[in-house]
>>> print(open('query36.cif').read())   # mmCIF, C-alpha atoms and all ligand atoms
data_my_file
#
loop_
_atom_site.group_PDB
_atom_site.id
_atom_site.type_symbol
_atom_site.label_atom_id
_atom_site.label_comp_id
_atom_site.auth_asym_id
_atom_site.auth_seq_id
_atom_site.Cartn_x
_atom_site.Cartn_y
_atom_site.Cartn_z
ATOM 1 C CA MET L 1 -42.335 -14.478 -38.973
ATOM 2 C CA LYS L 2 -38.602 -14.832 -39.528
ATOM 3 C CA LYS L 3 -36.739 -17.103 -37.126
ATOM 4 C CA ILE L 4 -33.033 -17.418 -37.739
ATOM 5 C CA GLY L 5 -30.939 -20.453 -36.829
ATOM 6 C CA LEU L 6 -27.424 -19.304 -35.913
ATOM 7 C CA ILE L 7 -24.821 -22.054 -35.752
ATOM 8 C CA GLY L 8 -21.169 -22.144 -34.754
ATOM 9 C CA ALA L 9 -19.035 -25.242 -34.340
ATOM 10 C CA MET L 10 -17.240 -24.183 -31.171
ATOM 11 C CA ASP L 11 -18.027 -22.289 -27.953
ATOM 12 C CA SER L 12 -15.920 -19.297 -29.046
ATOM 13 C CA GLU L 13 -17.974 -19.040 -32.238
ATOM 14 C CA ILE L 14 -21.286 -18.545 -30.443
ATOM 15 C CA ALA L 15 -20.126 -16.792 -27.247
ATOM 16 C CA HIS L 16 -20.759 -13.288 -28.596
ATOM 17 C CA TYR L 17 -24.299 -14.123 -29.713
ATOM 18 C CA LEU L 18 -25.147 -15.644 -26.341
ATOM 19 C CA SER L 19 -23.863 -12.609 -24.464
ATOM 20 C CA GLU L 20 -26.075 -10.287 -26.542
ATOM 21 C CA MET L 21 -29.232 -12.450 -26.514
ATOM 22 C CA GLU L 22 -32.397 -11.550 -24.610
ATOM 23 C CA SER L 23 -35.226 -13.683 -23.173
ATOM 24 C CA THR L 24 -33.047 -16.735 -23.669
ATOM 25 C CA GLN L 25 -34.334 -20.228 -22.947
ATOM 26 C CA THR L 26 -32.256 -23.331 -23.476
ATOM 27 C CA GLU L 27 -33.415 -26.770 -24.601
ATOM 28 C CA THR L 28 -31.121 -29.736 -25.092
ATOM 29 C CA VAL L 29 -31.797 -32.103 -27.979
ATOM 30 C CA TYR L 30 -29.394 -34.895 -29.007
ATOM 31 C CA GLY L 31 -26.883 -33.435 -26.581
ATOM 32 C CA ILE L 32 -26.888 -30.037 -28.314
ATOM 33 C CA ASN L 33 -27.984 -26.927 -26.387
ATOM 34 C CA PHE L 34 -30.423 -24.832 -28.426
ATOM 35 C CA HIS L 35 -30.706 -21.288 -27.028
ATOM 36 C CA HIS L 36 -33.831 -19.558 -28.252
ATOM 37 C CA GLY L 37 -34.705 -15.922 -27.714
ATOM 38 C CA TYR L 38 -34.017 -12.570 -29.370
ATOM 39 C CA LEU L 39 -30.844 -11.135 -30.807
ATOM 40 C CA TRP L 40 -31.056 -7.426 -31.630
ATOM 41 C CA ASN L 41 -34.861 -7.820 -31.702
ATOM 42 C CA THR L 42 -34.837 -10.749 -34.138
ATOM 43 C CA PRO L 43 -36.117 -14.200 -33.075
ATOM 44 C CA VAL L 44 -33.143 -16.571 -33.168
ATOM 45 C CA VAL L 45 -32.058 -20.033 -32.091
ATOM 46 C CA VAL L 46 -28.333 -20.107 -31.356
ATOM 47 C CA CYS L 47 -26.436 -23.385 -31.025
ATOM 48 C CA LYS L 48 -23.026 -24.973 -31.007
ATOM 49 C CA SER L 49 -23.093 -27.895 -33.411
ATOM 50 C CA GLY L 50 -19.751 -29.368 -32.452
ATOM 51 C CA VAL L 51 -17.060 -30.064 -35.019
ATOM 52 C CA GLY L 52 -17.523 -32.095 -38.186
ATOM 53 C CA LYS L 53 -20.146 -32.941 -40.771
ATOM 54 C CA VAL L 54 -22.431 -35.258 -38.799
ATOM 55 C CA ASN L 55 -22.640 -32.889 -35.822
ATOM 56 C CA ALA L 56 -23.439 -30.034 -38.204
ATOM 57 C CA ALA L 57 -26.104 -32.060 -40.024
ATOM 58 C CA VAL L 58 -27.866 -33.214 -36.841
ATOM 59 C CA CYS L 59 -27.841 -29.677 -35.494
ATOM 60 C CA THR L 60 -29.228 -28.182 -38.727
ATOM 61 C CA GLN L 61 -31.963 -30.803 -39.078
ATOM 62 C CA THR L 62 -33.024 -30.237 -35.463
ATOM 63 C CA LEU L 63 -33.108 -26.456 -35.933
ATOM 64 C CA ILE L 64 -35.467 -26.979 -38.858
ATOM 65 C CA ASP L 65 -37.683 -29.771 -37.498
ATOM 66 C CA ARG L 66 -37.948 -28.921 -33.796
ATOM 67 C CA PHE L 67 -37.352 -25.183 -33.712
ATOM 68 C CA GLN L 68 -38.912 -24.224 -37.054
ATOM 69 C CA VAL L 69 -36.171 -21.840 -38.128
ATOM 70 C CA ASN L 70 -36.696 -20.553 -41.654
ATOM 71 C CA GLN L 71 -33.208 -19.211 -42.411
ATOM 72 C CA ILE L 72 -29.823 -20.495 -41.340
ATOM 73 C CA ILE L 73 -26.565 -18.607 -40.852
ATOM 74 C CA PHE L 74 -23.401 -20.502 -39.962
ATOM 75 C CA THR L 75 -20.392 -18.505 -38.770
ATOM 76 C CA GLY L 76 -16.917 -19.599 -37.804
ATOM 77 C CA VAL L 77 -13.327 -19.930 -38.896
ATOM 78 C CA ALA L 78 -11.741 -21.633 -41.910
ATOM 79 C CA GLY L 79 -8.434 -22.282 -43.598
ATOM 80 C CA ALA L 80 -7.802 -19.986 -46.573
ATOM 81 C CA LEU L 81 -7.232 -21.657 -49.963
ATOM 82 C CA HIS L 82 -7.611 -18.730 -52.387
ATOM 83 C CA PRO L 83 -4.211 -17.047 -52.829
ATOM 84 C CA ASP L 84 -5.694 -13.550 -52.363
ATOM 85 C CA LEU L 85 -6.881 -14.370 -48.844
ATOM 86 C CA ASP L 86 -4.976 -13.472 -45.673
ATOM 87 C CA VAL L 87 -5.668 -14.504 -42.103
ATOM 88 C CA GLY L 88 -8.524 -12.329 -40.836
ATOM 89 C CA ASP L 89 -10.206 -12.005 -44.247
ATOM 90 C CA ILE L 90 -13.725 -13.277 -44.782
ATOM 91 C CA VAL L 91 -15.347 -15.721 -47.193
ATOM 92 C CA ILE L 92 -19.096 -15.726 -47.799
ATOM 93 C CA SER L 93 -20.388 -18.957 -49.356
ATOM 94 C CA THR L 94 -21.944 -18.825 -52.781
ATOM 95 C CA GLU L 95 -22.094 -22.634 -52.529
ATOM 96 C CA CYS L 96 -20.705 -25.498 -50.462
ATOM 97 C CA GLN L 97 -19.363 -28.942 -51.367
ATOM 98 C CA TYR L 98 -17.772 -31.911 -49.567
ATOM 99 C CA HIS L 99 -14.119 -32.364 -50.487
ATOM 100 C CA ASP L 100 -13.710 -35.725 -48.789
ATOM 101 C CA ILE L 101 -16.337 -37.808 -50.578
ATOM 102 C CA ASP L 102 -14.495 -39.927 -53.116
ATOM 103 C CA ALA L 103 -16.046 -42.711 -55.179
ATOM 104 C CA SER L 104 -13.734 -42.009 -58.114
ATOM 105 C CA SER L 105 -12.527 -45.633 -58.241
ATOM 106 C CA VAL L 106 -16.041 -46.606 -59.356
ATOM 107 C CA GLY L 107 -16.387 -43.755 -61.835
ATOM 108 C CA PHE L 108 -17.828 -40.826 -59.893
ATOM 109 C CA PRO L 109 -15.885 -37.547 -59.902
ATOM 110 C CA LYS L 110 -14.198 -36.764 -56.566
ATOM 111 C CA GLY L 111 -16.409 -34.526 -54.424
ATOM 112 C CA THR L 112 -19.651 -35.790 -55.926
ATOM 113 C CA ILE L 113 -22.261 -37.893 -54.166
ATOM 114 C CA PRO L 114 -22.986 -41.052 -56.195
ATOM 115 C CA PHE L 115 -26.483 -41.247 -57.714
ATOM 116 C CA GLN L 116 -27.442 -37.811 -56.443
ATOM 117 C CA GLU L 117 -28.218 -34.962 -58.817
ATOM 118 C CA THR L 118 -26.683 -32.225 -56.661
ATOM 119 C CA SER L 119 -23.385 -32.290 -54.846
ATOM 120 C CA ILE L 120 -22.852 -28.520 -54.809
ATOM 121 C CA PHE L 121 -25.364 -26.756 -52.577
ATOM 122 C CA PRO L 122 -26.091 -23.136 -53.503
ATOM 123 C CA ALA L 123 -26.399 -20.513 -50.758
ATOM 124 C CA ASP L 124 -29.317 -18.092 -50.628
ATOM 125 C CA ARG L 125 -28.675 -15.012 -52.804
ATOM 126 C CA GLN L 126 -30.284 -12.517 -50.457
ATOM 127 C CA LEU L 127 -28.355 -13.786 -47.435
ATOM 128 C CA VAL L 128 -25.118 -13.710 -49.467
ATOM 129 C CA GLU L 129 -25.771 -10.121 -50.571
ATOM 130 C CA LEU L 130 -26.546 -9.017 -47.028
ATOM 131 C CA ALA L 131 -23.390 -10.676 -45.705
ATOM 132 C CA VAL L 132 -21.235 -9.077 -48.418
ATOM 133 C CA GLU L 133 -22.740 -5.657 -47.696
ATOM 134 C CA ALA L 134 -22.039 -6.133 -43.981
ATOM 135 C CA GLY L 135 -18.485 -7.309 -44.683
ATOM 136 C CA LYS L 136 -17.758 -4.223 -46.775
ATOM 137 C CA LYS L 137 -18.393 -2.039 -43.751
ATOM 138 C CA MET L 138 -15.400 -3.593 -42.001
ATOM 139 C CA ASP L 139 -12.330 -1.528 -42.811
ATOM 140 C CA GLY L 140 -9.201 -3.263 -44.052
ATOM 141 C CA ILE L 141 -10.774 -6.714 -44.269
ATOM 142 C CA LYS L 142 -11.068 -8.438 -47.612
ATOM 143 C CA VAL L 143 -14.406 -10.108 -48.246
ATOM 144 C CA LEU L 144 -14.560 -12.742 -50.989
ATOM 145 C CA THR L 145 -17.519 -14.765 -52.147
ATOM 146 C CA GLY L 146 -16.893 -18.298 -53.341
ATOM 147 C CA LYS L 147 -17.235 -22.002 -52.858
ATOM 148 C CA ILE L 148 -16.620 -23.344 -49.356
ATOM 149 C CA LEU L 149 -15.276 -26.889 -49.098
ATOM 150 C CA SER L 150 -15.957 -29.097 -46.079
ATOM 151 C CA GLY L 151 -14.576 -32.398 -44.880
ATOM 152 C CA ASP L 152 -13.806 -34.282 -41.691
ATOM 153 C CA GLN L 153 -10.156 -33.251 -41.780
ATOM 154 C CA PHE L 154 -8.181 -30.286 -40.498
ATOM 155 C CA ILE L 155 -6.092 -29.331 -43.538
ATOM 156 C CA SER L 156 -2.507 -28.446 -42.674
ATOM 157 C CA SER L 157 -0.519 -29.287 -45.794
ATOM 158 C CA VAL L 158 0.392 -26.911 -48.616
ATOM 159 C CA GLU L 159 -0.052 -29.669 -51.218
ATOM 160 C CA THR L 160 -3.550 -30.621 -50.045
ATOM 161 C CA GLY L 161 -4.611 -26.979 -49.801
ATOM 162 C CA LYS L 162 -3.300 -26.279 -53.313
ATOM 163 C CA ALA L 163 -5.125 -29.308 -54.716
ATOM 164 C CA LEU L 164 -8.403 -28.270 -53.074
ATOM 165 C CA TYR L 165 -8.081 -24.816 -54.603
ATOM 166 C CA GLU L 166 -6.996 -25.959 -58.063
ATOM 167 C CA GLN L 167 -9.110 -29.080 -58.456
ATOM 168 C CA MET L 168 -12.256 -28.153 -56.523
ATOM 169 C CA ASN L 169 -12.169 -24.370 -56.745
ATOM 170 C CA GLY L 170 -12.557 -23.861 -52.993
ATOM 171 C CA ALA L 171 -12.034 -20.376 -51.588
ATOM 172 C CA CYS L 172 -11.566 -21.848 -48.102
ATOM 173 C CA VAL L 173 -11.832 -25.137 -46.250
ATOM 174 C CA GLU L 174 -13.560 -26.073 -42.993
ATOM 175 C CA MET L 175 -15.416 -28.983 -41.429
ATOM 176 C CA GLU L 176 -19.177 -28.230 -41.300
ATOM 177 C CA GLY L 177 -20.499 -25.851 -43.978
ATOM 178 C CA ALA L 178 -21.415 -28.363 -46.683
ATOM 179 C CA ALA L 179 -23.292 -30.543 -44.192
ATOM 180 C CA VAL L 180 -25.369 -27.543 -43.084
ATOM 181 C CA ALA L 181 -25.864 -26.637 -46.744
ATOM 182 C CA HIS L 182 -26.880 -30.190 -47.683
ATOM 183 C CA VAL L 183 -29.552 -30.412 -44.971
ATOM 184 C CA ALA L 184 -30.808 -26.889 -45.734
ATOM 185 C CA PHE L 185 -30.955 -27.752 -49.444
ATOM 186 C CA LEU L 186 -33.000 -30.913 -48.820
ATOM 187 C CA ALA L 187 -35.405 -28.965 -46.579
ATOM 188 C CA GLY L 188 -35.624 -25.949 -48.915
ATOM 189 C CA ILE L 189 -34.357 -23.582 -46.216
ATOM 190 C CA PRO L 190 -32.178 -20.598 -47.215
ATOM 191 C CA TYR L 191 -28.683 -20.635 -45.741
ATOM 192 C CA VAL L 192 -25.339 -18.856 -45.857
ATOM 193 C CA VAL L 193 -21.957 -19.749 -44.368
ATOM 194 C CA ILE L 194 -19.664 -16.919 -43.243
ATOM 195 C CA ARG L 195 -16.073 -17.838 -42.447
ATOM 196 C CA SER L 196 -13.198 -15.735 -41.116
ATOM 197 C CA MET L 197 -9.788 -17.050 -42.124
ATOM 198 C CA SER L 198 -7.902 -18.350 -39.090
ATOM 199 C CA ASP L 199 -5.027 -19.921 -41.059
ATOM 200 C CA ARG L 200 -3.781 -20.746 -44.549
ATOM 201 C CA ALA L 201 -4.413 -24.518 -44.329
ATOM 202 C CA ASP L 202 -0.626 -25.099 -44.341
ATOM 203 C CA HIS L 203 2.048 -26.353 -41.921
ATOM 204 C CA SER L 204 1.463 -23.428 -39.503
ATOM 205 C CA ALA L 205 -2.334 -23.832 -39.580
ATOM 206 C CA HIS L 206 -2.629 -25.293 -36.064
ATOM 207 C CA VAL L 207 -0.710 -22.360 -34.513
ATOM 208 C CA ASN L 208 -2.665 -19.673 -36.384
ATOM 209 C CA PHE L 209 -5.951 -21.418 -35.676
ATOM 210 C CA TYR L 210 -5.780 -20.878 -31.898
ATOM 211 C CA GLU L 211 -4.305 -17.390 -32.246
ATOM 212 C CA PHE L 212 -6.990 -16.005 -34.577
ATOM 213 C CA GLU L 213 -10.048 -17.960 -33.461
ATOM 214 C CA LYS L 214 -11.216 -15.189 -31.086
ATOM 215 C CA MET L 215 -10.708 -12.314 -33.482
ATOM 216 C CA ALA L 216 -12.517 -14.234 -36.214
ATOM 217 C CA ALA L 217 -15.515 -14.842 -33.960
ATOM 218 C CA GLU L 218 -15.762 -11.124 -33.202
ATOM 219 C CA ARG L 219 -15.789 -10.287 -36.901
ATOM 220 C CA SER L 220 -18.496 -12.844 -37.652
ATOM 221 C CA CYS L 221 -20.637 -11.424 -34.883
ATOM 222 C CA LEU L 222 -20.379 -7.898 -36.342
ATOM 223 C CA ILE L 223 -21.457 -9.173 -39.744
ATOM 224 C CA VAL L 224 -24.442 -11.070 -38.332
ATOM 225 C CA ARG L 225 -25.508 -8.024 -36.340
ATOM 226 C CA HIS L 226 -25.651 -5.969 -39.496
ATOM 227 C CA MET L 227 -27.500 -8.737 -41.359
ATOM 228 C CA LEU L 228 -30.164 -9.198 -38.697
ATOM 229 C CA ASN L 229 -30.817 -5.460 -38.697
ATOM 230 C CA ARG L 230 -31.528 -5.661 -42.425
ATOM 231 C CA LEU L 231 -33.516 -8.899 -42.558
HETATM 232 N N1 LIG L 301 -11.013 -24.595 -39.799
HETATM 233 C C1 LIG L 301 -10.101 -23.621 -39.632
HETATM 234 N N2 LIG L 301 -8.963 -23.903 -40.287
HETATM 235 C C2 LIG L 301 -9.158 -25.105 -40.877
HETATM 236 C C3 LIG L 301 -8.339 -25.940 -41.669
HETATM 237 N N3 LIG L 301 -7.093 -25.586 -41.985
HETATM 238 N N4 LIG L 301 -8.866 -27.118 -42.100
HETATM 239 C C4 LIG L 301 -10.135 -27.458 -41.763
HETATM 240 N N5 LIG L 301 -10.921 -26.719 -41.006
HETATM 241 C C5 LIG L 301 -10.455 -25.547 -40.563
#
>>> encode(input="query36.cif", output="structure tokens")
Amino acid sequence: MKKIGLIGAMDSEIAHYLSEMESTQTETVYGINFHHGYLWNTPVVVCKSGVGKVNAAVCTQTLIDRFQVNQIIFTGVAGALHPDLDVGDIVISTECQYHDIDASSVGFPKGTIPFQETSIFPADRQLVELAVEAGKKMDGIKVLTGKILSGDQFISSVETGKALYEQMNGACVEMEGAAVAHVAFLAGIPYVVIRSMSDRADHSAHVNFYEFEKMAAERSCLIVRHMLNRL
């Protein structure tokens, strides 16, 4: 039977799921509350990972090991890097990569994990297709697929954002996706990351972030609802 792990980094990113869930029970592991029950008749475990790569990795590993989820969907907000993206638009991950790993001084390309075959973690095709299909139903919102970059930094500089787009081909930047993707990849669990753009990763990013966080969470919830109905 399908059991979906649904992760958000912040309270606002999981609030909608929690309000719609039924038969919910909560267990706390490593300080993270895992809410298991049903969302629109699908067995789910909903949790707030907290911000950053380690929180996201611990949360994902626990969802897999302790709660036996067999698919993972991460939703939340991100800073747009692709020039076609506006605040409110959506990016569905085709793959995820860390942007802040850098062993280039000892000969490894920036963004690659030394001595590891894979540093770019592909998302599950079926989950990507379902998310794109769901996104298309939302009028006036652009939905792009592409690489999502993650690092333990909130990006708020035009130069950094431009470099991440030009040098690492990121459609958007956030702080958890690649860690979720890495753990899911190692465990052989299908995943997808769905991000609504809260800002343009530039000097006004911090202002836009708080303004659009709520709207973005609502949009993610609509997409997940459609996906769960089709899974
Ligand atoms: N999440 C939302 N906006 C972001 C940004 N500009 N940088 C990193 N993470 C983000």
>>> resolve_selection(input="query36.cif", expression="the PyMOL selection byres (((chain L and resi 70-81) around 7) and not hetatm)", output="NGL selection string")
:L and (2-9 or 13 or 68-69 or 82-83 or 85 or 161-162 or 165 or 170-174 or 189-201 or 213 or 216-217 or 220)
>>> closest_residue(input="query36.cif", among="L:Ile14, L:Val128, L:Met227, L:Val87", to="ligand LIG 301 (chain L)", atoms="only C-alpha atoms and all ligand atoms")
L:Val87
>>> axis_aligned_box(input="query36.cif", around="region 203-220 of chain L", padding_each_side="3 Å", output="AutoDock Vina command-line options")
--center_x -8.2 --center_y -18.3 --center_z -36.5 --size_x 26.5 --size_y 22.1 --size_z 16.8
>>> residues_around(input="query36.cif", residues="region 139-145 of chain L", least_positions_apart="2", cutoff="6 Å", atoms="only C-alpha atoms", output="NGL selection string")
:L and (89-93)
>>> residues_around(input="query36.cif", residues="Ser150 (chain L)", least_positions_apart="2", cutoff="12 Å", atoms="only C-alpha atoms", output="MDAnalysis selection string")
chainID L and resid 51:54 56 77:79 93 95:101 111 119:121 147:148 152:155 164 168 170:182 193 195
>>> closest_residue(input="query36.cif", among="L:Gly188, L:Gly151, L:Gly146, L:Pro114", to="ligand LIG 301 (chain L)", atoms="all atoms listed in the file")
L:Gly151
>>> resolve_selection(input="query36.cif", expression="the PyMOL selection byres (((chain L and resi 230) around 12) and not hetatm)", output="VMD selection string")
chain L and resid 2 40 to 42 126 to 127 129 to 131 133 to 134 223 to 229 231
>>> closest_residue(input="query36.cif", among="L:Val183, L:Leu222, L:Val44, L:Leu149", to="ligand LIG 301 (chain L)", atoms="only C-alpha atoms and all ligand atoms")
L:Leu149
>>> atom_distance(input="query36.cif", atom1="CA of Thr24 (chain L)", atom2="CA of Glu218 (chain L)")
20.5 Å
>>> resolve_selection(input="query36.cif", expression="the PyMOL selection byres (((chain L and resi 35) around 7) and not hetatm)", output="number ranges by chain")
L: 24-27, 33-34, 36-37, 45-47
>>> closest_residue(input="query36.cif", among="L:Ser157, L:Phe185, L:Glu22, L:Ala163", to="ligand LIG 301 (chain L)", atoms="all atoms listed in the file")
L:Ser157
>>> closest_residue(input="query36.cif", among="L:Ser49, L:Ser105, L:Thr112, L:Ser23", to="Asp11 (chain L)", atoms="only C-alpha atoms")
L:Ser49
>>> residues_around(input="query36.cif", residues="Met21 (chain L)", least_positions_apart="2", cutoff="6 Å", atoms="all atoms listed in the file", output="PDB file with C-alpha atoms, keeping the file's coordinate frame")
ATOM      1  CA  LEU L  18     -25.147 -15.644 -26.341  1.00  0.00           C
ATOM      2  CA  SER L  19     -23.863 -12.609 -24.464  1.00  0.00           C
ATOM      3  CA  TYR L  38     -34.017 -12.570 -29.370  1.00  0.00           C
ATOM      4  CA  LEU L  39     -30.844 -11.135 -30.807  1.00  0.00           C
TER       5      LEU L  39
END
